[in-house]
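Peer 1: Input structure-v5.txt, format and content: compact mmCIF, C-alpha atoms and all ligand atoms.
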# COMPACT_ATOMS: atom_id res chain seq x y z
CA MET A 12 50.37 -0.05 -2.32
CA THR A 13 51.32 -0.13 -5.94
CA SER A 14 50.65 2.80 -8.18
CA ASN A 15 48.32 2.37 -11.10
CA GLN A 16 49.86 5.30 -12.91
CA THR A 17 53.56 5.48 -13.56
CA THR A 18 53.62 9.19 -14.34
CA PRO A 19 51.34 11.46 -12.28
CA ALA A 20 48.91 13.30 -14.55
CA THR A 21 49.24 16.43 -12.49
CA GLU A 22 51.35 17.97 -9.75
CA LEU A 23 48.59 17.51 -7.15
CA ILE A 24 49.69 17.38 -3.52
CA TYR A 25 46.24 16.94 -2.05
CA ARG A 26 44.25 14.09 -3.42
CA PRO A 27 41.05 13.82 -1.30
CA ARG A 28 40.32 10.51 -2.99
CA ARG A 29 43.16 8.94 -0.96
CA LEU A 30 40.85 8.83 2.05
CA ARG A 31 37.98 7.36 0.08
CA ARG A 32 39.93 4.48 -1.43
CA THR A 33 38.71 1.60 0.79
CA PRO A 34 35.74 0.97 3.07
CA THR A 35 38.08 0.94 6.07
CA LEU A 36 39.56 4.32 5.24
CA ARG A 37 36.10 5.72 4.62
CA ARG A 38 34.92 4.47 8.00
CA MET A 39 37.93 6.15 9.66
CA VAL A 40 37.07 9.57 8.29
CA GLN A 41 33.30 9.34 8.54
CA GLU A 42 32.11 12.50 10.26
CA THR A 43 28.49 11.71 11.07
CA HIS A 44 27.13 8.55 12.64
CA LEU A 45 23.47 7.66 12.73
CA THR A 46 22.58 5.36 15.62
CA ALA A 47 19.41 3.99 17.18
CA ASN A 48 20.01 6.41 20.06
CA ASP A 49 19.14 9.28 17.73
CA LEU A 50 15.67 8.01 16.98
CA ILE A 51 12.30 8.93 18.44
CA TYR A 52 9.40 6.87 17.12
CA PRO A 53 6.09 8.74 16.60
CA VAL A 54 3.15 6.36 17.07
CA PHE A 55 -0.62 6.62 16.65
CA VAL A 56 -3.02 5.18 19.19
CA MET A 57 -6.76 4.67 18.70
CA GLU A 58 -9.56 3.37 20.89
CA GLY A 59 -10.59 -0.28 20.90
CA GLU A 60 -8.84 -3.63 21.04
CA GLY A 61 -7.06 -6.02 18.74
CA GLN A 62 -6.88 -3.71 15.76
CA LYS A 63 -4.33 -1.97 13.61
CA VAL A 64 -5.30 0.09 10.60
CA GLU A 65 -2.77 1.14 8.00
CA ILE A 66 -2.71 4.84 7.14
CA ALA A 67 -3.36 5.08 3.40
CA SER A 68 -0.91 7.91 2.76
CA MET A 69 1.73 6.40 5.09
CA PRO A 70 2.23 2.80 3.94
CA GLY A 71 3.79 0.70 6.70
CA CYS A 72 2.45 3.05 9.41
CA TYR A 73 -0.56 2.10 11.48
CA ARG A 74 -3.02 3.42 13.99
CA TYR A 75 -2.91 0.84 16.80
CA THR A 76 -5.27 0.00 19.60
CA LEU A 77 -3.46 0.08 22.93
CA ASP A 78 -2.85 -3.68 23.19
CA LEU A 79 -1.17 -3.84 19.79
CA LEU A 80 0.64 -0.56 20.32
CA LEU A 81 2.34 -2.02 23.39
CA LYS A 82 3.70 -4.81 21.20
CA GLU A 83 4.87 -2.38 18.56
CA ILE A 84 6.65 -0.27 21.17
CA ALA A 85 8.20 -3.32 22.82
CA ASP A 86 9.54 -4.35 19.39
CA ALA A 87 10.98 -0.88 18.82
CA ALA A 88 12.55 -0.87 22.28
CA ALA A 89 14.10 -4.28 21.64
CA LEU A 90 15.72 -2.81 18.53
CA GLY A 91 17.26 -0.02 20.60
CA VAL A 92 14.76 2.81 20.13
CA ASN A 93 14.75 4.89 23.33
CA ALA A 94 11.63 7.01 22.96
CA VAL A 95 8.18 7.22 21.46
CA ALA A 96 6.10 10.31 20.67
CA LEU A 97 2.45 9.56 21.17
CA PHE A 98 -0.40 10.90 19.01
CA PRO A 99 -4.04 9.99 19.61
CA VAL A 100 -6.83 9.36 17.13
CA ILE A 101 -9.87 10.82 18.87
CA SER A 102 -13.33 9.67 17.81
CA SER A 103 -15.49 12.51 16.48
CA GLY A 104 -17.97 12.11 19.35
CA LYS A 105 -15.26 13.19 21.81
CA LYS A 106 -14.20 16.29 19.91
CA ASP A 107 -15.54 19.72 20.78
CA ASP A 108 -14.77 23.39 20.08
CA THR A 109 -12.17 23.71 22.81
CA GLY A 110 -10.66 20.21 22.82
CA SER A 111 -11.71 19.51 26.40
CA GLU A 112 -11.10 15.78 25.99
CA SER A 113 -7.39 16.64 25.83
CA TYR A 114 -7.12 16.96 29.61
CA ASN A 115 -9.44 14.11 30.58
CA GLU A 116 -7.45 12.22 33.22
CA GLU A 117 -8.87 8.99 31.84
CA GLY A 118 -8.54 10.03 28.20
CA LEU A 119 -6.93 7.89 25.50
CA VAL A 120 -3.51 9.54 25.79
CA GLN A 121 -3.48 9.43 29.58
CA GLN A 122 -4.48 5.75 29.67
CA THR A 123 -1.98 4.90 26.98
CA VAL A 124 0.87 6.62 28.80
CA LYS A 125 0.07 4.72 31.99
CA ALA A 126 -0.04 1.42 30.13
CA ILE A 127 3.24 2.03 28.29
CA LYS A 128 5.09 3.07 31.45
CA LYS A 129 3.77 -0.02 33.22
CA ALA A 130 4.61 -2.49 30.44
CA ILE A 131 7.87 -0.94 29.19
CA PRO A 132 9.10 1.33 32.01
CA ASP A 133 12.42 2.17 30.37
CA ILE A 134 11.04 3.67 27.21
CA VAL A 135 10.83 7.46 27.25
CA VAL A 136 7.26 8.55 26.58
CA ILE A 137 6.78 11.94 24.96
CA THR A 138 3.25 13.31 24.71
CA ASP A 139 1.95 15.82 22.21
CA VAL A 140 0.53 19.04 23.61
CA ALA A 141 -1.79 20.60 21.04
CA LEU A 142 -5.53 20.73 20.58
CA ASP A 143 -5.93 19.69 16.95
CA PRO A 144 -6.64 15.97 17.53
CA PHE A 145 -9.37 17.02 19.97
CA THR A 146 -11.13 19.93 18.27
CA THR A 147 -14.06 19.67 15.87
CA HIS A 148 -12.49 22.37 13.67
CA GLY A 149 -9.02 20.78 13.61
CA HIS A 150 -7.12 23.88 14.74
CA ASP A 151 -4.49 23.78 17.46
CA GLY A 152 -6.28 26.38 19.52
CA VAL A 153 -9.55 27.89 20.63
CA VAL A 154 -11.28 29.76 17.81
CA ASP A 155 -13.49 32.85 18.19
CA ASP A 156 -16.58 33.71 16.11
CA ASN A 157 -14.44 35.35 13.46
CA GLY A 158 -12.21 32.34 13.02
CA VAL A 159 -9.32 33.87 14.95
CA ILE A 160 -7.19 31.40 16.94
CA LEU A 161 -7.01 32.79 20.48
CA ASN A 162 -3.58 32.55 22.07
CA ASP A 163 -3.94 32.94 25.83
CA PRO A 164 -7.18 30.95 26.30
CA THR A 165 -5.51 28.17 24.32
CA VAL A 166 -2.42 28.23 26.53
CA GLU A 167 -4.66 27.72 29.59
CA ILE A 168 -6.00 24.51 28.08
CA LEU A 169 -2.54 23.36 26.97
CA VAL A 170 -1.37 23.73 30.57
CA LYS A 171 -4.19 21.46 31.80
CA MET A 172 -3.36 19.00 29.07
CA ALA A 173 0.35 18.92 29.95
CA LEU A 174 -0.46 18.47 33.65
CA SER A 175 -2.76 15.52 32.94
CA GLN A 176 -0.05 13.92 30.80
CA ALA A 177 2.54 14.43 33.53
CA ALA A 178 0.12 12.92 36.05
CA ALA A 179 -0.23 9.89 33.78
CA GLY A 180 3.55 9.44 33.80
CA ALA A 181 4.81 11.15 30.65
CA ASP A 182 8.58 11.68 30.74
CA MET A 183 8.41 14.68 28.46
CA VAL A 184 5.65 16.86 27.10
CA ALA A 185 5.97 18.27 23.60
CA PRO A 186 3.97 21.38 22.75
CA SER A 187 3.44 21.33 18.97
CA ASP A 188 0.81 24.07 18.86
CA MET A 189 2.95 27.20 18.29
CA MET A 190 1.00 29.43 20.69
CA ASP A 191 3.11 32.21 22.21
CA GLY A 192 4.27 31.68 25.78
CA ARG A 193 3.12 28.09 26.14
CA VAL A 194 6.51 26.67 27.07
CA GLY A 195 6.85 29.08 29.99
CA ALA A 196 3.28 28.53 31.15
CA ILE A 197 3.68 24.74 31.01
CA ARG A 198 7.05 24.83 32.82
CA LYS A 199 5.61 26.97 35.60
CA ALA A 200 2.56 24.76 36.03
CA LEU A 201 4.59 21.53 35.99
CA ASP A 202 6.94 22.88 38.64
CA ALA A 203 4.10 24.19 40.80
CA ALA A 204 2.57 20.71 40.73
CA GLY A 205 5.87 19.05 41.62
CA TYR A 206 6.65 17.65 38.18
CA PHE A 207 10.18 19.10 38.15
CA ASP A 208 11.52 16.12 36.26
CA VAL A 209 9.04 16.17 33.42
CA GLY A 210 10.88 17.68 30.46
CA ILE A 211 9.70 19.90 27.65
CA LEU A 212 10.53 19.05 24.06
CA ALA A 213 9.47 22.27 22.36
CA TYR A 214 8.36 22.38 18.75
CA SER A 215 10.15 25.71 18.55
CA ALA A 216 10.50 26.30 14.83
CA LYS A 217 7.42 24.65 13.43
CA TYR A 218 6.51 25.72 9.94
CA ALA A 219 3.11 25.92 8.25
CA SER A 220 3.97 23.04 5.97
CA ALA A 221 2.21 21.07 3.26
CA TYR A 222 4.33 18.11 4.37
CA TYR A 223 1.90 17.43 7.25
CA GLY A 224 -0.86 16.17 4.93
CA PRO A 225 -0.53 12.42 5.63
CA PHE A 226 -0.36 13.00 9.42
CA ARG A 227 -3.64 14.87 9.27
CA ASP A 228 -5.11 11.88 7.39
CA ALA A 229 -3.82 9.64 10.15
CA LEU A 230 -5.51 11.63 12.90
CA ASP A 231 -8.40 12.91 10.81
CA SER A 232 -7.35 16.33 12.07
CA ALA A 233 -7.11 18.54 8.97
CA PRO A 234 -8.37 22.07 9.71
CA LYS A 235 -12.01 22.41 8.63
CA PHE A 236 -11.48 26.05 7.62
CA GLY A 237 -8.50 28.20 6.74
CA ASP A 238 -4.93 27.16 7.42
CA LYS A 239 -2.44 27.33 10.29
CA LYS A 240 -0.46 30.32 9.05
CA THR A 241 -1.40 32.61 11.93
CA TYR A 242 0.47 30.36 14.35
CA GLN A 243 2.85 28.13 12.41
CA MET A 244 5.81 29.80 10.72
CA ASP A 245 6.30 30.97 7.15
CA ALA A 246 8.55 28.62 5.18
CA ALA A 247 10.42 31.66 3.88
CA ASN A 248 11.74 32.65 7.32
CA ALA A 249 14.96 31.65 9.04
CA ARG A 250 15.76 34.47 11.46
CA GLU A 251 12.29 34.08 12.92
CA ALA A 252 13.15 30.49 13.77
CA LEU A 253 16.05 31.74 15.88
CA LYS A 254 13.70 34.14 17.64
CA GLU A 255 11.26 31.31 18.42
CA VAL A 256 14.07 29.08 19.64
CA ALA A 257 15.47 31.83 21.89
CA LEU A 258 12.04 32.39 23.43
CA ASP A 259 11.47 28.70 24.10
CA ILE A 260 14.90 28.40 25.71
CA ALA A 261 14.22 31.44 27.88
CA GLU A 262 10.89 29.90 28.87
CA GLY A 263 12.48 26.62 29.96
CA ALA A 264 12.58 24.20 27.02
CA ASP A 265 14.86 21.19 27.54
CA ILE A 266 15.09 20.27 23.85
CA VAL A 267 14.24 22.47 20.87
CA MET A 268 12.88 21.13 17.62
CA VAL A 269 12.77 22.10 13.98
CA LYS A 270 9.87 20.76 11.93
CA PRO A 271 9.72 19.62 9.14
CA ALA A 272 13.30 18.46 8.69
CA LEU A 273 14.27 17.77 5.11
CA ALA A 274 13.29 21.08 3.53
CA TYR A 275 14.64 22.89 6.62
CA LEU A 276 18.17 21.53 7.02
CA ASP A 277 19.50 25.09 6.96
CA ILE A 278 17.30 25.91 9.94
CA ILE A 279 18.53 22.86 11.86
CA CYS A 280 22.08 24.00 11.17
CA GLN A 281 21.46 27.55 12.36
CA VAL A 282 19.56 26.44 15.45
CA LYS A 283 22.37 24.06 16.36
CA ALA A 284 24.85 26.92 16.18
CA ALA A 285 22.60 29.10 18.35
CA THR A 286 22.13 26.79 21.33
CA ASN A 287 23.79 24.22 23.54
CA LEU A 288 20.49 22.41 24.12
CA PRO A 289 19.88 19.19 22.23
CA VAL A 290 18.27 19.88 18.87
CA ALA A 291 15.56 17.61 17.49
CA ALA A 292 14.27 17.42 13.94
CA TYR A 293 10.95 16.00 12.82
CA ASN A 294 11.15 13.89 9.67
CA VAL A 295 7.43 14.43 9.05
CA SER A 296 4.70 12.38 7.46
CA GLY A 297 5.02 13.91 3.98
CA GLU A 298 8.75 13.21 3.95
CA TYR A 299 8.00 9.61 4.89
CA ALA A 300 5.27 9.33 2.25
CA MET A 301 7.51 10.63 -0.54
CA ILE A 302 10.16 8.01 0.10
CA LYS A 303 7.60 5.21 0.48
CA ALA A 304 5.80 6.20 -2.72
CA ALA A 305 8.92 6.41 -4.85
CA ALA A 306 10.18 3.12 -3.40
CA GLN A 307 6.88 1.39 -4.16
CA GLN A 308 7.28 2.48 -7.77
CA GLY A 309 10.73 0.98 -7.77
CA TRP A 310 12.23 4.38 -8.53
CA ILE A 311 14.59 4.66 -5.59
CA ASP A 312 16.45 2.29 -3.27
CA GLU A 313 14.34 2.75 -0.15
CA LYS A 314 16.85 1.70 2.48
CA LYS A 315 19.69 3.74 1.07
CA VAL A 316 17.51 6.81 0.64
CA ILE A 317 16.22 6.54 4.22
CA LEU A 318 19.74 6.30 5.65
CA GLU A 319 21.03 9.14 3.47
CA THR A 320 18.08 11.35 4.43
CA LEU A 321 18.38 10.79 8.17
CA THR A 322 22.16 11.13 8.03
CA SER A 323 21.73 14.52 6.36
CA MET A 324 19.60 15.65 9.30
CA LYS A 325 22.28 14.59 11.76
CA ARG A 326 24.96 16.24 9.65
CA ALA A 327 22.92 19.45 9.70
CA GLY A 328 23.01 19.33 13.50
CA ALA A 329 20.07 17.27 14.73
CA ASP A 330 20.84 15.32 17.89
CA LEU A 331 17.49 13.56 17.76
CA ILE A 332 15.20 12.67 14.88
CA LEU A 333 11.52 11.94 15.15
CA THR A 334 10.87 9.53 12.32
CA TYR A 335 8.27 7.01 11.26
CA PHE A 336 11.22 5.02 9.94
CA ALA A 337 12.57 4.54 13.49
CA LYS A 338 11.95 0.82 13.71
CA GLU A 339 13.14 0.10 10.18
CA VAL A 340 16.27 2.16 10.71
CA ALA A 341 17.06 0.62 14.09
CA LEU A 342 16.85 -2.77 12.39
CA MET A 343 19.08 -1.67 9.51
CA LEU A 344 21.69 -0.28 11.90
CA ARG A 345 21.99 -3.52 13.84
C1 LIG A 401 -0.27 19.20 15.19
C2 LIG A 401 0.80 18.33 14.67
C3 LIG A 401 1.03 18.10 13.31
C4 LIG A 401 2.08 17.21 13.22
C5 LIG A 401 2.49 16.90 14.52
N1 LIG A 401 1.68 17.62 15.41
C6 LIG A 401 0.30 18.58 12.12
C7 LIG A 401 -0.14 19.96 12.05
O1 LIG A 401 0.49 20.88 12.60
O2 LIG A 401 -1.16 20.18 11.40
C8 LIG A 401 2.62 16.72 11.94
C9 LIG A 401 3.53 15.55 11.97
C10 LIG A 401 3.77 14.94 10.64
O3 LIG A 401 3.37 15.45 9.59
O4 LIG A 401 4.41 13.88 10.65
N2 LIG A 401 -0.19 19.69 16.46
Translate the structure of the given file into structure tokens.
Peer 2:
Amino acid sequence: MTSNQTTPATELIYRPRRLRRTPTLRRMVQETHLTANDLIYPVFVMEGEGQKVEIASMPGCYRYTLDLLLKEIADAAALGVNAVALFPVISSGKKDDTGSESYNEEGLVQQTVKAIKKAIPDIVVITDVALDPFTTHGHDGVVDDNGVILNDPTVEILVKMALSQAAAGADMVAPSDMMDGRVGAIRKALDAAGYFDVGILAYSAKYASAYYGPFRDALDSAPKFGDKKTYQMDAANAREALKEVALDIAEGADIVMVKPALAYLDIICQVKAATNLPVAAYNVSGEYAMIKAAAQQGWIDEKKVILETLTSMKRAGADLILTYFAKEVALMLR
């Protein structure tokens, strides 16, 4: 190495730039590595055959009928994605006040899980446990006459839902509803029914976030009245996230999750320090939409921004990232 300066400008001993000088050196000291193993691909399934419909506020993301979804998942698996998180689009005729379609043994989710496990047995199938895709009012729970979301009656339905998903072959159930005590109730019921090996990915610190807008478009599940602030968390709170995480761990969660991810990197970091369980982060629909929109305008370099964003989540402490970019990223990382 030849020096480009004959006389040092300063008396510096430490020059951090030494380790950034070449790509090889930078690779040697890289602290965080994003790999396809980190990715969980959330997918939307709808009834019917031979159709895929792009979600307007999530360009590049589709609702698929089962036949086309199987192809999409097989493609993702071939790129090294290990797991999918399944969300159903329920036709309005099947929705009711209490979301009873959610535990129909022959429902869309249950049939889809069976078909995925048959066609692509190795892929880990994670099912969503929450009532909002199934209720006429779009809330994640049972609502009384005064518009109050009832906790314990909701948990009873969530338990039936989780059991029907386990019966269909789900590897993991993922309660995203934020009712109190649901992780414990689901664990107990799964064990009593012999589903010891079905895991629980708990949406432990799930915030009442405006970043969910595009997802609610995708499922047509926006709440018809009020908001979700009596069950989802206040964006201003961090210690409360640790309380929620501690409860879910005590109740038997296998993986804890922080959601959304990007505006909550501090929470991911704190949760990681508080537990030895794997920590997941959900790079939600609004985070996806922001990147897609800016990229479509030509204002940012999409690929670089995606990789930087997901790397920041890993750096914060996420072991797993649910992201609509999963397939794209797996391809980029090849
Ligand atoms: C609801 C649920 C939501 C998301 C996943 N499960 C939305 C909500 O709470 O209203 C959002 C995911 C996303 O925005 O990507 N149980």
Peer 1: Skipping near chain neighbours, those fewer than 3 positions away, what residues fall within 7 Å of Tyr214 (chain A) using all atoms listed in the file, listed as a short mmCIF file (atom, residue, chain, number, x, y, z; two decimals) with C-alpha atoms, in the coordinates of the input?
Peer 2:
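File result_19.cif, as written:
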data_model
loop_
_atom_site.label_atom_id
_atom_site.label_comp_id
_atom_site.auth_asym_id
_atom_site.auth_seq_id
_atom_site.Cartn_x
_atom_site.Cartn_y
_atom_site.Cartn_z
CA ALA A 185 5.97 18.27 23.60
CA PRO A 186 3.97 21.38 22.75
CA SER A 187 3.44 21.33 18.97
CA LYS A 217 7.42 24.65 13.43
CA VAL A 267 14.24 22.47 20.87
CA MET A 268 12.88 21.13 17.62
CA VAL A 269 12.77 22.10 13.98
#
Peer 1: Within 7 Å of ligand LIG 401 (chain A), which residues of chain A come that close, and what is the closest atom pair and distance in Å for each? Count all atoms listed in the file and give it as a Markdown table.
Peer 2:
| residue | atom | partner | partner_atom | distance |
| --- | --- | --- | --- | --- |
| A:Ala141 | CA | A:LIG401 | N2 | 4.9 |
| A:Leu142 | CA | A:LIG401 | N2 | 6.8 |
| A:Asp143 | CA | A:LIG401 | N2 | 5.8 |
| A:Asp151 | CA | A:LIG401 | N2 | 6.0 |
| A:Ser187 | CA | A:LIG401 | N2 | 4.7 |
| A:Asp188 | CA | A:LIG401 | N2 | 5.1 |
| A:Tyr222 | CA | A:LIG401 | O3 | 5.9 |
| A:Tyr223 | CA | A:LIG401 | O3 | 3.4 |
| A:Gly224 | CA | A:LIG401 | O3 | 6.3 |
| A:Pro225 | CA | A:LIG401 | O3 | 6.3 |
| A:Phe226 | CA | A:LIG401 | O3 | 4.5 |
| A:Arg227 | CA | A:LIG401 | C6 | 6.1 |
| A:Ala233 | CA | A:LIG401 | O2 | 6.6 |
| A:Asn294 | CA | A:LIG401 | O4 | 6.8 |
| A:Val295 | CA | A:LIG401 | O4 | 3.5 |
| A:Ser296 | CA | A:LIG401 | O4 | 3.5 |
| A:Gly297 | CA | A:LIG401 | O3 | 6.0 |
Peer 1: Can you work out the spacing between CA of Leu97 (chain A) and CA of Val56 (chain A) in Å, to one decimal?
Peer 2: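 A separation of 7.3 Å between them.
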Peer 1: My list of candidates is A:Leu276, A:Gln243, A:Gly192, A:Met69. Which is closest to Ala257 (chain A) when distances are computed with all atoms listed in the file?
Peer 2: A:Gly192
Peer 1: Would you mind listing, for every residue of region 86-186 of chain A within 6 Å of region 195-211 of chain A, the two atoms forming the shortest contact and the distance between them in Å to one decimal, using all atoms listed in the file, sorted by chain and ascending residue number, as a Markdown table?
Peer 2:
| residue | atom | partner | partner_atom | distance |
| --- | --- | --- | --- | --- |
| A:Val170 | CA | A:Ile197 | CA | 5.2 |
| A:Asp182 | CA | A:Val209 | CA | 5.2 |
| A:Met183 | CA | A:Gly210 | CA | 4.4 |
| A:Val184 | CA | A:Ile211 | CA | 5.1 |
| A:Ala185 | CA | A:Ile211 | CA | 5.7 |
Peer 1: What does the distance from CA of Lys63 (chain A) to CA of Ala178 (chain A) come to in Å, to one decimal?
Peer 2: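 Atom-to-atom, CA of Lys63 (chain A) to CA of Ala178 (chain A), that is 27.3 Å.
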Peer 1: Between A:Ala126, A:Ile266, A:Val40, A:Ile131, which residue has the minimum interatomic distance to Pro27 (chain A), considering all atoms listed in the file?
Peer 2: A:Val40
Peer 1: Skip region 335-340 of chain A itself and residues of its chain fewer than 2 positions away, then list as a list of chain:residue names all residues within 8 Å of it, counting only C-alpha atoms.
Peer 2: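 Within the cut-off, the hits are A:Ala47, A:Leu50, A:Ile51, A:Tyr52, A:Pro53, A:Val54, A:Cys72, A:Ala87, A:Leu90, A:Val92, A:Asn294, A:Val295, A:Ser296, A:Tyr299, A:Ile317, A:Leu318, A:Leu333, A:Leu342, A:Met343, A:Leu344.
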Peer 1: Could you pull the residues within 10 Å of His44 (chain A), counting only C-alpha atoms, minus those fewer than 3 positions along the same chain, as a list in words?
Peer 2: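 Those residues are Arg38, Gln41, Asp49, Thr322, Lys325 and Arg326 of chain A.
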Peer 1: Mind checking which residues fall within 10 Å of Asp191 (chain A), counting all atoms listed in the file, ignoring those fewer than 6 positions away in the same chain, and posting them as number ranges by chain?
Peer 2: A: 162-163, 165-166, 242, 255, 258-259
